[in-house]
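In what follows, a structure is listed as C-alpha cells, so that the remarks can point back to it.
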Amino acid sequence: MAHNTITTSDEQAHADGHPHVMPLSVLLPTFAALIALTVITVSASKLSIGAAEIWVAMGIATIKATLVALYFMHLRYDKPFNALLILFSLVFAAIFVGMALVDSQAYQPEISAYDLQQPK
Amino acid sequence: MILAEGGGSDNGSFWFPAPSSSNASQVDSLFNFILSLSAFFFVLIVGLMLIFVVRYRRRPGYVQAPASDHNNTLEILWSVIPGILTIFIFFRGFMGYLDMRTPPSETYEIKVNAKKWSWAFQYPNGYIDNDLHIPFNRPVKLTMTSEDVIHSLFIPAFRTKMDIVPGRYTSMWFDATRTGEFPLLCAEYCGTKHSEMLANVVVHPSGEFEKWLEQASNLLATLPPVEAGKILFTRRGCAQCHTIDGSARTGPSFKGTFGTKQSLTDGSSIEMDENYIRESILEPLKKVRAGYRPVMPSYKGQLKDPEIDAIIEFIKSLK
Amino acid sequence: MSVAYDEPEVGELLAPVPSENYLNCSHGFWSWAATVDHKRISIMYLVSVLSAFLLGGILALMIRMELWTPGRTIMDHDTYNHTFTLHGAVMTFLFIIPSIPAALGNFLLPVMIGAKDVAFPRMNLGSYYLWLGGALFLLAAIVLGGLDTGWTFYTPYSTTTNSSVITASMGVFILGFSSIFTGLNFIVTMHTMRPPWMTWFKLPLFLWAIYATSIIQVLATPVLGITLMLLIAERALGIGIFDPKLGGDPVLFQHFFWFYSHPAVYIMILPAMGVISELIAVFSRKPIFGYRFIAYSSLAIALLGFLVWGHHMFTSGQSRISAIVFSALTFTVSIPSAIKVFNWLATMYRGSILLVTPMCYALSFIFLFTIGGLTGLFLGALAVDVHLHDTYFVVAHFHYVMMGGTLVAFLGGLFYWWPKMTGRMYSETWGRIGCLGVFVAFNLTFFPQFIMGSRGMPRRYYNYPPQFQFYHQMSTVGSFLLGLSLCVVAGVLIHSLLRGRKAPANPWGAATLEWQTSSPPPLYNFDTDPVEVDPYDLESQVFDPLLGGYRLREFPARNHPDHDLASEPARV
Amino acid sequence: MTHTPVHPAPAAQPDQHGHAEEHHHSPFLAHHFESSEQQFDSGKLGMWLFLVTEIMFFSGLFCAYAVYRSSHPEIFIYAHKFLDTNLGAINTVVLLVSSLTMALAVRAAQMSQRKALIINLILTLICAGGFLGIKYVEYSHKWHAGLLWAGQFHPDFSHLEGAHQEHGEPASAESSHGHTESSHDTTDPSAPRNAGIFFSIYFCLTGLHGIHILAGMGAIIWILVRSIRGDFSADYYGPVDFVGLYWHLVDLVWIYLFPLLYLIH
Ligand code: HEA
Ligand code: HEA
Ligand code: CUA
Ligand SMILES: [Cu+2]
C-alpha cells in the first residue's frame, strides 16, 4: 500500500500518470439505466406487493447506487482501497442502524403497553 | 441461602453493604471473583514490572543479555488465557443478569411513578406511599414509569438498579432476604435535586406487611383529618418543597397562610382558600405564586379527594 | 540526575547546533496564527489543550471541594451540576480527545515518516481553528446560562433543562469536525507521504496507534455530529425523535450518543498506548517485543470498539438480548489490550532500563491503566454492572483509564518529545518528583472512589449520606495534592523553556526518524535526506560525547544533522 | 540492519528546503508534495474519506427512519400520502441528469476541453437549482398545510385547494394556532398518534440533503470560476474530480431517500 511518487506496482489507473477517462459509451448507458430503474421503482411501488415492497425498493436503489459509484464515481477503475473505504463505512453504518433497530424492536412492547394506558 | 431477619443495619463488607436480596450474593460472588482475578493479574503485571526495573536497571557494569523480540507461543498464550477467563466472566455475569431480570411467576406487584424529585409507590389496593414497603422473603415486582425525565431506581443493599424512562414502562424485581430499612436512591442524573431523590425500602417481617398496608391505606378512616393530612403531607413529598415553619423552599411555606391574600405571577392576587389549594394540587401551573418557579408537579389522579380534603384541613391547621 | 555511568550527561552539548529551526525561522503574530507548518500548529494545540486541561482541572477541584461535606460546602445544587458537566465536557471534548493526536501526533507524524508536512496543511490549520471555535462556543455556554446535562446530554433532560444546551451542542459539534479533519488528514498523510522504503511494518508503533485512532475519528465522530444536530432540532423545534412527549424514544438517543462515545474512549486511549510503546522500547533499549501484535491490536481495538457501545446502557431499558450481546462483545476488547500490556512487559525483560522522567510516566501508565482496564471487566459483567452502573465505581474506572492512562501517557510523551519540540532539556530530578507526586496523589484521589461506588454512592450527587464522607475527604485531599503535583510538572516544563540546557538531536538514543534531525527540527523537518531506519533498532544508535546525545553508529558525526552546520560559526 | 541514506523520491530532487518555487512542476503543486501525482492521490483519498464521514453522518437519520418505520408503520403509511410522488420522481431524474453532467464535466477536464467543462458545470448548476426549486414547492405546500415536524404538526387543509385535498378530512381550522403538547391533537381525525414523527424525519432527511446540495452548488461555482480562469487540464484536474465525487454522493443519498420517503404503501 506504500504509495509514493515512485509508484508501486499498482496496475491501477494512475500508474502511468494519465487519468482514466470515462468513455461516453459507458457514461450514457449508465445514465439510461439509472433513468430506467427510476421508472421501474416508481411503477413497482404502484403494485401492491405488501411487505416485500421495501426490499424491492431498496434493492433497486442499491443497484442504482452501485451504478453511480462504479461508473460516475470511477470506483471501478480507482484504487481498490477507496472501494474498501466505502464498504467499511457501509458496514459500520449497518452495525449502527442494525443494532439500534434490533434493540428498539425488542423493547417496543414496553412502549406500546404505556401508550395503551394513555388517553388518545 | 441464609435468610436473616432483623439485620438491616449491618455494615456489610469492605466493598459492599450487607447483601439483602436473593440476587445479591450472586453479584457479590462474581464481583469477588473478578476482584481476585484482577488482583492476580495486577500483582503479576506490576510485580514483573518492578522486578524488571530492579534487575535490568541500566547501571555501570550491567551488560544487557540478548533477548528475542517476538514469540508467537507467548502471544497466543496471553491472548487465549485472558480470553477464556473473560468468557467465563461474561457467562457468570449473563446468568446473574438473567436471574435478576426474570421475575418468578408469582410476584407481589407495586407500581412506581418517579418524577423530579420524588417517588410514588402504588400498592395493589391503590394506596400510594413515598417509601417502598415490601414483605420479607417474597418476590416483589416493580412496574415503573416516569413523568418527566429519566430516573433510576437503585437499592444498593439489593444490588439492583433499573432506569425509569418517560413514555414507557420498565420493570425490576427482587426478593428481600433481610428485614429492616435500606436506602433507595435515584441513580440517573435528573436535575437539581437528583441527589436528594431518596426514599427508604422498608422490609417488613413476615406477616407484618399486610398489617402495615391495611393501616396505612386507611389513614383517613383511622385518624382525624388533620393528622392524616399531616402524614400525607410528608409521605407524598409535599414537605420536599413546602415547609410548615414559615421558611420558603422551592415552594412557599404554609405557616399561617390560609385565608391570606397572595399575589400571582400574572399580577392578580387570590385568596388562599380551600378551592385554591385544591386547584394548586391538581393543576399547580394554572395559577403560580409570584416569586416562585412553576415547577410543582400535578397530583391529579394520585391523591384522592378525601386525601386532598385532609391535606387542606392540615394546611388550615397551620397557624 | 544520574543516568551517567561512563557517559557524559545527556544534553551536555559540546557541538553547536544549527541555528535556524521552525521556531525561529519567522517571527510575529501572523507567522503563528496563519502558519501551515504542522509543528507550529501542534504547539498551538499543545498550549490550547493544556489550557483546557487547566480549566477542567479547576472545575474538578471545585467538585472535590464541594464534596468535602454532605450538603452545601461551597456551592448550591445547580452550580454543582453545572460544574461537573462542564468538567466532563471540557476534559473530554476540549482536552483529552485532541490531546495526543492533535498536539503530539501533529508534530511527530510527518517527521516520523520523513515528510515535510501533513497531506493537507491548510486543513490542519483549519481544524485548529475549529477547535478554537468549538472552545469559544463551550465557553459561551458557560457564560450564557451554563450546561447541566452531564457530558452525556441525555434526553429528555437535555431538551427540558433551561441551561444553554444549544450553544454547548454547537460547540461540541464543531469540535467533532475538528477531530474528523485531524483524523482524515493523518490517514491520508500516512498513505501517501511515506518514503518508498518505509513499509507499514517499518512504522513506529505510535503511528499505528494514531492510524487506528484516525479510523475511529473518521467513522464515529460524524454520528456524534448528527446526534447533536438532532438534539438541537429537538430543543429548538420539537422534532420528537428523542422526546417521549412527542412520541419519541429517549433510549434511542443513548444508542446514538454511545455509538460515538464508546469508540471515543478508544480515541483517547489508543494514542496513549502508542506513546507507551515508544517509551518502553527506547528506555529498555530493546526492540519492541511483538511488534506486529501490538500494531494489529491497535486496529483490533479500534474496530471492536465499535461493537460494544451498549455496555453503557445495561440498565437503561435496553432489551435483554442486546445487553447480553453487548456484554459479550465488551470482553473481546480486553484481549488486544492485554496483548499490549504483556508485550510491554516482555520488552522490559532483559532490557537496559533507564528510569528517566518519561519512563517513570510509562511505568505509572502500566500500573494505572491495568487497574482502570481491569475494573472495566467488572463493568462489562452484566450482573455486576447492574449494581455498579452510575456509581463512583464507574467514575473511578474512567479516571483511571482517562487520567491514569491517557493523561499520564500524554505527560510521558510530552517529556519524551519535549527536547525535540522545544530544543531544551529539563530538570530530570524535578521531572521525576512531579511524576511521583502525580502517581501517588492520583491513587489517593481515585482509589477511594471504587470503594464508595461499590458501597452504593451514586455519581453526579451533590449531596450524599454521611457514611461516605471519609472516602470523599480522602479523595478531596488527593485531588489537591494532584493539583499541586501538576503545578510542579508545569513548573519543570516552564523552567526548561526559560533556563533549560540546549537539547541534542537525539538525547535518548531512539531510532525513530524524528530523532535523526536536529532539535528543534528545521522548517521542513530535515536538512539532509532522512536516513532509512528500523524504528526499533536501538543498537544502531551510539552515544557521542561530542554531541551530548546519540547518533547512528555507522554514520560519522560530521554527517550528523547536529554537526552539519556546526563547522560554520553559529549565528545565535 | 543497513542504514543507507535514502533520497526522497523522485531521486533527482535537489531542493531540500522545499520552497515551492524551486519545483519545476505544475504551478498548483503544493510545497510539501513531491509530485503532482502524490498530490492528486492525497486529494482523492482525502475526498473518499470525507465521503465516508458523510455516509456515517446520514446513517444517524437513516437509523431514526428505520426505527420509527418498523415500530410505527401506520404513521408512514398515513403520512406518505402527503408527498407528491411525481415531484419526487422528477427530482430524482433532475439529480441523475446533474450527475451525468458532472461526470461529463470531469471527463472534459481530463481531456483538457475547457469549453465542455464549463458547459457541463453550468448544466449541473442548473439542475441543482431546479432540484431546490421543486423542493421549495414541496416545502411550501407542507408549510401551508401544517404538515410539519412533530412539535408543529397541525394538519389543516381547509384553506388549501388542489392535489391533496382528498386525503385529509376537511378540517375545522380551530386549533391551528399555538403549539400543543401532543401531536395527535390535530385537526385531522384520521391521523394516527404521533403522525408528526414522519414529518420530523422527512424534514431532517431532506433538509440535510438540501444543505448538501447548497454546499455542492457552492463548490461547483468555485470550480466553475477556476475553469473559466483556465486552471484545469489533463495534468491538473483534481478539484473537478473531487467536487464530482461529492456531487455524486449527494445524488446517491437521494437515490435512497426517494423510495424511502415517497414510495411507501
Ligand atoms: C480512556 C478511556 C477508556 C478506556 C480505555 C476504557 C476501557 C474499558 N472500559 Fe470504560 N469507560 C470510560 C472510559 C474508558 N473505558 C468512560 C469515560 C466511561 C463512563 C462514561 C460515562 O458514563 O460518563 C466508561 C464506562 C464503562 C462502562 C459502563 C459502566 C456503566 O456506566 O455502567 C463499561 C462497561 O462495560 C466499561 C468497560 C470498559 C472495558 C471492558 C474496557 C477495556 O477496554 C479495558 C481493557 C483493559 C484491560 C482488561 C487491562 C489490561 C489487561 C490485562 C491486565 C490482562 C488481564 C486481562 C484479563 C484477564 C481480561 N467502561
Ligand atoms: C480527561 C478526562 C478527565 C480528567 C483528566 C479528569 C480529572 C479529574 N476529575 Fe473528572 N471527570 C471526567 C473526566 C476527567 N476528569 C468526566 C468525563 C466526568 C463525568 C462528568 C459527568 O458526569 O458528566 C468526570 C467526573 C468527575 C467527578 C464526578 C462528579 C460527579 O459525578 O458528581 C469527580 C469527582 O471527584 C471528578 C474529579 C476529578 C479530579 C479531582 C480530577 C483531577 O485529576 C484534575 C487535576 C487537574 C488539575 C488540578 C489541573 C492542574 C493543571 C495545571 C496545573 C496545568 C497543567 C499543565 C501542565 C501539566 C503542563 N471528575
Ligand atoms: Cu431522579 Cu435522579
Ligand atoms: Cu464504553
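By convention in this document, the chains of the C-alpha cells carry letters A, B, ... by their order, each chain's residues are numbered from 1, and ligands are numbered from 1 in the order they are shown.
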Handout entry: Asn443 in chain C surroundings by only C-alpha atoms, 10 Å radius, close-in-sequence under 3 positions cut, as a list in words
Key =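 Residues near the query, excluding close chain neighbours: Leu368, Ala396, Tyr400, Gly404, Val438, Phe439, Val440, Phe446, Phe447, Pro448, Gln449, Ser475, Gly478, Ser479 and Leu482 of chain C.
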Practice task
May I have the residues within 7 Å of range 496-513 of chain C as a ChimeraX atom specification, using only C-alpha atoms and disregarding those fewer than 6 positions away in the same chain?
Solution key: /C:10-11,13,111-114,204,282,419,423-426,519,533-538,541-542,547-551,562
Exercise for the section: Would you work out the distance separating CA of Tyr189 in chain B from CA of Leu303 in chain B, expressed in Å to one decimal? Expected result: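 CA of Leu303 in chain B lies at a distance of 26.8 Å from CA of Tyr189 in chain B.
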Practice task
Kindly indicate which residue among B:Ser280, B:Ser118, B:Thr160, B:Gln302 lies nearest to ligand 3, using only C-alpha atoms and all ligand atoms for the distances.
Solution key: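 For ligand 3, the nearest of the candidates is B:Ser118.
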Residues near Phe331 in chain C, cut-off 10 Å, only C-alpha atoms, skip fewer than 2 positions along chain, as a PDB file with C-alpha atoms, in the first residue's frame:
```pdb
ATOM      1  CA  PRO B  82      -7.438 -13.875  29.282  1.00  0.00           C
ATOM      2  CA  GLY B  83      -9.846 -14.836  26.509  1.00  0.00           C
ATOM      3  CA  LEU B  85     -11.240 -16.042  31.601  1.00  0.00           C
ATOM      4  CA  THR B  86     -13.346 -13.300  30.072  1.00  0.00           C
ATOM      5  CA  ILE B  87     -15.684 -15.853  28.530  1.00  0.00           C
ATOM      6  CA  ILE B  89     -16.772 -13.819  33.484  1.00  0.00           C
ATOM      7  CA  PHE B  90     -19.217 -12.991  30.755  1.00  0.00           C
TER       8      PHE B  90
ATOM      9  CA  LEU C 304     -14.037  -3.982  18.063  1.00  0.00           C
ATOM     10  CA  VAL C 308     -19.720  -2.553  22.396  1.00  0.00           C
ATOM     11  CA  PHE C 326     -23.037  -6.049  24.097  1.00  0.00           C
ATOM     12  CA  SER C 327     -21.647  -7.550  27.267  1.00  0.00           C
ATOM     13  CA  ALA C 328     -20.130 -10.448  25.347  1.00  0.00           C
ATOM     14  CA  LEU C 329     -18.596  -8.112  22.786  1.00  0.00           C
ATOM     15  CA  VAL C 333     -11.797  -5.585  23.541  1.00  0.00           C
ATOM     16  CA  SER C 334      -9.865  -6.596  26.618  1.00  0.00           C
ATOM     17  CA  ILE C 335      -7.882  -9.203  24.691  1.00  0.00           C
ATOM     18  CA  GLY C 376     -13.677  -2.321  33.133  1.00  0.00           C
ATOM     19  CA  LEU C 377     -14.177  -6.058  33.440  1.00  0.00           C
ATOM     20  CA  GLY C 380     -18.654  -5.322  31.466  1.00  0.00           C
ATOM     21  CA  ALA C 381     -20.040  -8.193  33.531  1.00  0.00           C
TER      22      ALA C 381
END
```
Practice task
Could you tell me, as an MDAnalysis selection string, which residues of range 1-164 of chain B DSSP assigns to helix (DSSP H, G or I) when given the backbone?
Solution key: chainID B and resid 24:55 72:101 156:158
Practice task
Kindly compile the residues surrounding ligand 3 within 7 Å, counting only C-alpha atoms and all ligand atoms, and format them as a PyMOL selection string.
Solution key: chain B and resi 115-117+150-152+186-191+194-195+197
Write the selection just made, keeping N, CA, C and O atoms, as a compact mmCIF listing (two decimals), in the first residue's frame?
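Result file is result05.txt:
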```txt
# COMPACT_ATOMS: atom_id res chain seq x y z
N LYS B 115 -40.84 11.11 39.60
CA LYS B 115 -40.81 12.42 38.99
C LYS B 115 -39.78 13.23 39.73
O LYS B 115 -39.30 12.84 40.79
N LYS B 116 -39.44 14.37 39.17
CA LYS B 116 -38.48 15.22 39.82
C LYS B 116 -39.02 15.69 41.13
O LYS B 116 -40.00 16.43 41.12
N TRP B 117 -38.61 15.47 42.27
CA TRP B 117 -37.59 14.57 42.69
C TRP B 117 -38.17 13.77 43.81
O TRP B 117 -37.83 13.96 44.97
N ILE B 150 -35.57 10.90 32.77
CA ILE B 150 -35.17 9.56 33.16
C ILE B 150 -34.69 9.58 34.62
O ILE B 150 -33.91 10.44 35.01
N HIS B 151 -35.17 8.64 35.40
CA HIS B 151 -34.65 8.41 36.73
C HIS B 151 -34.17 6.98 36.79
O HIS B 151 -34.32 6.24 35.82
N SER B 152 -33.60 6.60 37.93
CA SER B 152 -33.18 5.21 38.02
C SER B 152 -33.31 4.76 39.46
O SER B 152 -32.86 5.45 40.37
N CYS B 186 -31.94 7.62 43.64
CA CYS B 186 -32.07 7.82 42.21
C CYS B 186 -30.68 7.83 41.62
O CYS B 186 -29.83 8.61 42.04
N ALA B 187 -30.44 6.97 40.64
CA ALA B 187 -29.09 6.83 40.12
C ALA B 187 -28.93 7.43 38.73
O ALA B 187 -27.85 7.36 38.17
N GLU B 188 -29.98 7.97 38.15
CA GLU B 188 -29.78 8.60 36.85
C GLU B 188 -29.95 10.10 37.03
O GLU B 188 -30.97 10.54 37.56
N TYR B 189 -28.99 10.84 36.56
CA TYR B 189 -28.99 12.27 36.77
C TYR B 189 -30.30 12.88 36.25
O TYR B 189 -30.68 12.68 35.09
N CYS B 190 -30.99 13.65 37.14
CA CYS B 190 -32.30 14.15 36.74
C CYS B 190 -32.49 15.60 37.13
O CYS B 190 -33.61 16.06 37.27
N GLY B 191 -31.38 16.31 37.34
CA GLY B 191 -31.54 17.73 37.58
C GLY B 191 -31.21 18.13 39.00
O GLY B 191 -30.58 17.39 39.75
N HIS B 194 -31.35 15.78 42.07
CA HIS B 194 -31.06 14.38 41.80
C HIS B 194 -30.51 13.69 43.05
O HIS B 194 -30.90 12.58 43.38
N SER B 195 -29.63 14.39 43.76
CA SER B 195 -29.00 13.73 44.91
C SER B 195 -29.92 13.68 46.13
O SER B 195 -29.56 13.10 47.13
N MET B 197 -33.21 12.76 45.71
CA MET B 197 -34.36 11.96 45.32
C MET B 197 -34.22 10.58 45.98
O MET B 197 -33.91 9.58 45.35
```
Problem - 9 Å shell around ligand 4 using only C-alpha atoms and all ligand atoms, listed as a list in words - result: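 For ligand 4, the residues inside 9 Å are Trp258, Ser261, His262, Pro263, Ala264, Val265, Tyr266, Gly305, Val308, Trp309, Gly310, His311, His312, Thr330, Gly376 and Gly380 of chain C.
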Exercise for the section: Extract, using only C-alpha atoms, all DNA, RNA and protein residues at most 8 Å from Arg235 in chain B, discarding same-chain residues fewer than 3 positions from it, and format them as a ChimeraX atom specification. Expected result: /B:129-131,231-232,238
Problem - Contact residues (chain D, partner chain A, 6 Å, only C-alpha atoms) as an NGL selection string - result: :D and (38 or 52 or 56 or 59 or 63 or 67 or 103 or 107 or 245 or 252 or 255-256 or 263)
Expected file contents, prior selection, N, CA, C and O atoms, as a PDB file, in the first residue's frame:
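Saved file result_21.pdb follows:
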```pdb
ATOM      1  N   GLN D  38       1.406  12.559  -6.343  1.00  0.00           N
ATOM      2  CA  GLN D  38       1.229  12.374  -4.915  1.00  0.00           C
ATOM      3  C   GLN D  38       0.121  13.296  -4.419  1.00  0.00           C
ATOM      4  O   GLN D  38      -0.727  12.918  -3.622  1.00  0.00           O
ATOM      5  N   VAL D  52     -16.833   9.053   3.365  1.00  0.00           N
ATOM      6  CA  VAL D  52     -17.108   8.104   4.441  1.00  0.00           C
ATOM      7  C   VAL D  52     -17.775   8.818   5.612  1.00  0.00           C
ATOM      8  O   VAL D  52     -18.781   8.359   6.160  1.00  0.00           O
ATOM      9  N   MET D  56     -21.569   8.197   7.288  1.00  0.00           N
ATOM     10  CA  MET D  56     -21.853   7.978   8.702  1.00  0.00           C
ATOM     11  C   MET D  56     -22.780   9.070   9.242  1.00  0.00           C
ATOM     12  O   MET D  56     -23.631   8.813  10.100  1.00  0.00           O
ATOM     13  N   SER D  59     -26.136   8.258   8.283  1.00  0.00           N
ATOM     14  CA  SER D  59     -26.623   6.997   8.842  1.00  0.00           C
ATOM     15  C   SER D  59     -27.463   7.247  10.097  1.00  0.00           C
ATOM     16  O   SER D  59     -28.368   6.478  10.392  1.00  0.00           O
ATOM     17  N   CYS D  63     -31.027   5.700  10.581  1.00  0.00           N
ATOM     18  CA  CYS D  63     -31.324   4.902  11.772  1.00  0.00           C
ATOM     19  C   CYS D  63     -32.670   5.326  12.359  1.00  0.00           C
ATOM     20  O   CYS D  63     -33.514   4.486  12.641  1.00  0.00           O
ATOM     21  N   VAL D  67     -35.921   2.877  12.684  1.00  0.00           N
ATOM     22  CA  VAL D  67     -36.535   2.573  13.976  1.00  0.00           C
ATOM     23  C   VAL D  67     -38.021   2.937  13.961  1.00  0.00           C
ATOM     24  O   VAL D  67     -38.865   2.134  14.350  1.00  0.00           O
ATOM     25  N   ALA D 103     -20.352  14.061 -14.326  1.00  0.00           N
ATOM     26  CA  ALA D 103     -19.399  13.068 -14.826  1.00  0.00           C
ATOM     27  C   ALA D 103     -18.798  13.548 -16.144  1.00  0.00           C
ATOM     28  O   ALA D 103     -17.602  13.385 -16.413  1.00  0.00           O
ATOM     29  N   ARG D 107     -14.907  14.403 -17.166  1.00  0.00           N
ATOM     30  CA  ARG D 107     -14.333  13.862 -18.389  1.00  0.00           C
ATOM     31  C   ARG D 107     -13.734  14.987 -19.237  1.00  0.00           C
ATOM     32  O   ARG D 107     -12.611  14.873 -19.752  1.00  0.00           O
ATOM     33  N   LEU D 245     -17.011  13.823  -7.112  1.00  0.00           N
ATOM     34  CA  LEU D 245     -17.291  12.713  -6.197  1.00  0.00           C
ATOM     35  C   LEU D 245     -18.320  13.133  -5.151  1.00  0.00           C
ATOM     36  O   LEU D 245     -19.268  12.406  -4.852  1.00  0.00           O
ATOM     37  N   LEU D 252     -26.399   9.998  -4.640  1.00  0.00           N
ATOM     38  CA  LEU D 252     -26.586   8.661  -4.061  1.00  0.00           C
ATOM     39  C   LEU D 252     -27.554   8.695  -2.892  1.00  0.00           C
ATOM     40  O   LEU D 252     -28.413   7.826  -2.748  1.00  0.00           O
ATOM     41  N   ILE D 255     -30.977   8.918  -4.054  1.00  0.00           N
ATOM     42  CA  ILE D 255     -31.451   7.665  -4.645  1.00  0.00           C
ATOM     43  C   ILE D 255     -32.130   6.808  -3.580  1.00  0.00           C
ATOM     44  O   ILE D 255     -33.112   6.111  -3.844  1.00  0.00           O
ATOM     45  N   TYR D 256     -31.636   6.877  -2.351  1.00  0.00           N
ATOM     46  CA  TYR D 256     -32.302   6.148  -1.274  1.00  0.00           C
ATOM     47  C   TYR D 256     -33.476   6.925  -0.689  1.00  0.00           C
ATOM     48  O   TYR D 256     -34.502   6.348  -0.328  1.00  0.00           O
ATOM     49  N   LEU D 263     -42.212   6.422  -1.758  1.00  0.00           N
ATOM     50  CA  LEU D 263     -42.821   5.213  -2.315  1.00  0.00           C
ATOM     51  C   LEU D 263     -43.185   4.210  -1.236  1.00  0.00           C
ATOM     52  O   LEU D 263     -42.719   3.088  -1.225  1.00  0.00           O
TER      53      LEU D 263
END
```
Exercise for the section: Find the residues around Phe33 in chain B up to 10 Å (only C-alpha atoms counted), leave out those fewer than 5 positions away in its own chain, and share them as a VMD selection string. Expected result: (chain B and resid 27 to 28 38 to 39 89) or (chain C and resid 378)
Output N, CA and C atoms for every residue in the selection just made, as a PDB file, in the first residue's frame.
```pdb
ATOM      1  N   VAL B  27     -24.236 -11.475  42.858  1.00  0.00           N
ATOM      2  CA  VAL B  27     -23.452 -10.329  42.390  1.00  0.00           C
ATOM      3  C   VAL B  27     -22.154 -10.254  43.173  1.00  0.00           C
ATOM      4  N   ASP B  28     -22.254 -10.380  44.487  1.00  0.00           N
ATOM      5  CA  ASP B  28     -21.049 -10.266  45.300  1.00  0.00           C
ATOM      6  C   ASP B  28     -20.033 -11.324  44.935  1.00  0.00           C
ATOM      7  N   SER B  38      -8.488  -9.994  39.017  1.00  0.00           N
ATOM      8  CA  SER B  38      -7.806  -8.732  38.742  1.00  0.00           C
ATOM      9  C   SER B  38      -6.598  -8.585  39.646  1.00  0.00           C
ATOM     10  N   ALA B  39      -6.784  -8.932  40.902  1.00  0.00           N
ATOM     11  CA  ALA B  39      -5.665  -8.813  41.838  1.00  0.00           C
ATOM     12  C   ALA B  39      -4.524  -9.683  41.335  1.00  0.00           C
ATOM     13  N   ILE B  89     -16.163 -14.964  32.792  1.00  0.00           N
ATOM     14  CA  ILE B  89     -16.772 -13.819  33.484  1.00  0.00           C
ATOM     15  C   ILE B  89     -18.079 -13.428  32.801  1.00  0.00           C
TER      16      ILE B  89
ATOM     17  N   PHE C 378     -15.256  -5.515  35.556  1.00  0.00           N
ATOM     18  CA  PHE C 378     -16.392  -5.535  36.488  1.00  0.00           C
ATOM     19  C   PHE C 378     -17.613  -4.921  35.814  1.00  0.00           C
TER      20      PHE C 378
END
```
Problem - Contacts of Leu379 in chain C at 9 Å (only C-alpha atoms; same-chain gap of 3+ positions) as a PyMOL selection string - result: chain C and resi 311-312+375-376+382-386+388-389+393-394+397
Practice task
May I ask you to extract the residues of chain B within 9 Å of chain A, using only C-alpha atoms, and to give them as a list of chain:residue names?
Solution key: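 So the contacting residues turn out to be B:Thr145, B:Gly167, B:Arg168, B:Tyr169, B:Thr170.
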Please produce a file of the residues just selected, as a PDB file, in the first residue's frame, where the atoms kept are C-alpha atoms.
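Wrote result_9.pdb, looks like this:
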```
ATOM      1  CA  THR B 145     -42.651   4.889  34.698  1.00  0.00           C
ATOM      2  CA  GLY B 167     -43.099   7.252  27.815  1.00  0.00           C
ATOM      3  CA  ARG B 168     -42.726   3.584  28.641  1.00  0.00           C
ATOM      4  CA  TYR B 169     -42.696   1.007  31.388  1.00  0.00           C
ATOM      5  CA  THR B 170     -39.642  -0.660  32.754  1.00  0.00           C
TER       6      THR B 170
END
```
Please provide the set of residues having any atom within 7 Å of Glu181 in chain B, restricted to only C-alpha atoms, with same-chain residues fewer than 3 positions apart removed, written as a compact mmCIF listing (two decimals) with N, CA, C and O atoms, in the first residue's frame.
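This is the output file selection-v2.txt:
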```
# COMPACT_ATOMS: atom_id res chain seq x y z
N GLY B 8 -30.98 -5.29 59.10
CA GLY B 8 -30.84 -4.21 58.13
C GLY B 8 -29.75 -3.21 58.41
O GLY B 8 -29.31 -2.51 57.52
N ASN B 200 -36.85 5.26 51.36
CA ASN B 200 -36.44 4.09 52.11
C ASN B 200 -37.14 2.86 51.57
O ASN B 200 -38.28 2.93 51.13
N VAL B 201 -36.42 1.75 51.64
CA VAL B 201 -37.09 0.48 51.43
C VAL B 201 -37.30 -0.09 52.81
O VAL B 201 -36.35 -0.24 53.58
N VAL B 202 -38.55 -0.35 53.14
CA VAL B 202 -38.81 -0.93 54.45
C VAL B 202 -39.25 -2.37 54.24
O VAL B 202 -40.28 -2.63 53.63
N VAL B 203 -38.42 -3.30 54.70
CA VAL B 203 -38.79 -4.71 54.56
C VAL B 203 -39.46 -5.14 55.87
O VAL B 203 -38.83 -5.14 56.92
```
Exercise for the section: Enumerate as an NGL selection string all residues of range 38-188 of chain B assigned to strand (DSSP E) by DSSP on the backbone, naming them with the chain letters and numbers the document uses. Expected result: :B and (108-115 or 118-122 or 128-129 or 132-135 or 139-146 or 151-155 or 160-164 or 170-175 or 180-186)
Problem - Nearest residue to chain B from the set C:Ala323, C:Ile63, C:Val488, C:Leu130 (distances using only C-alpha atoms) - result: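 Checking each of C:Ala323, C:Ile63, C:Val488, C:Leu130 against chain B, counting only C-alpha atoms, the winner is C:Ala323.
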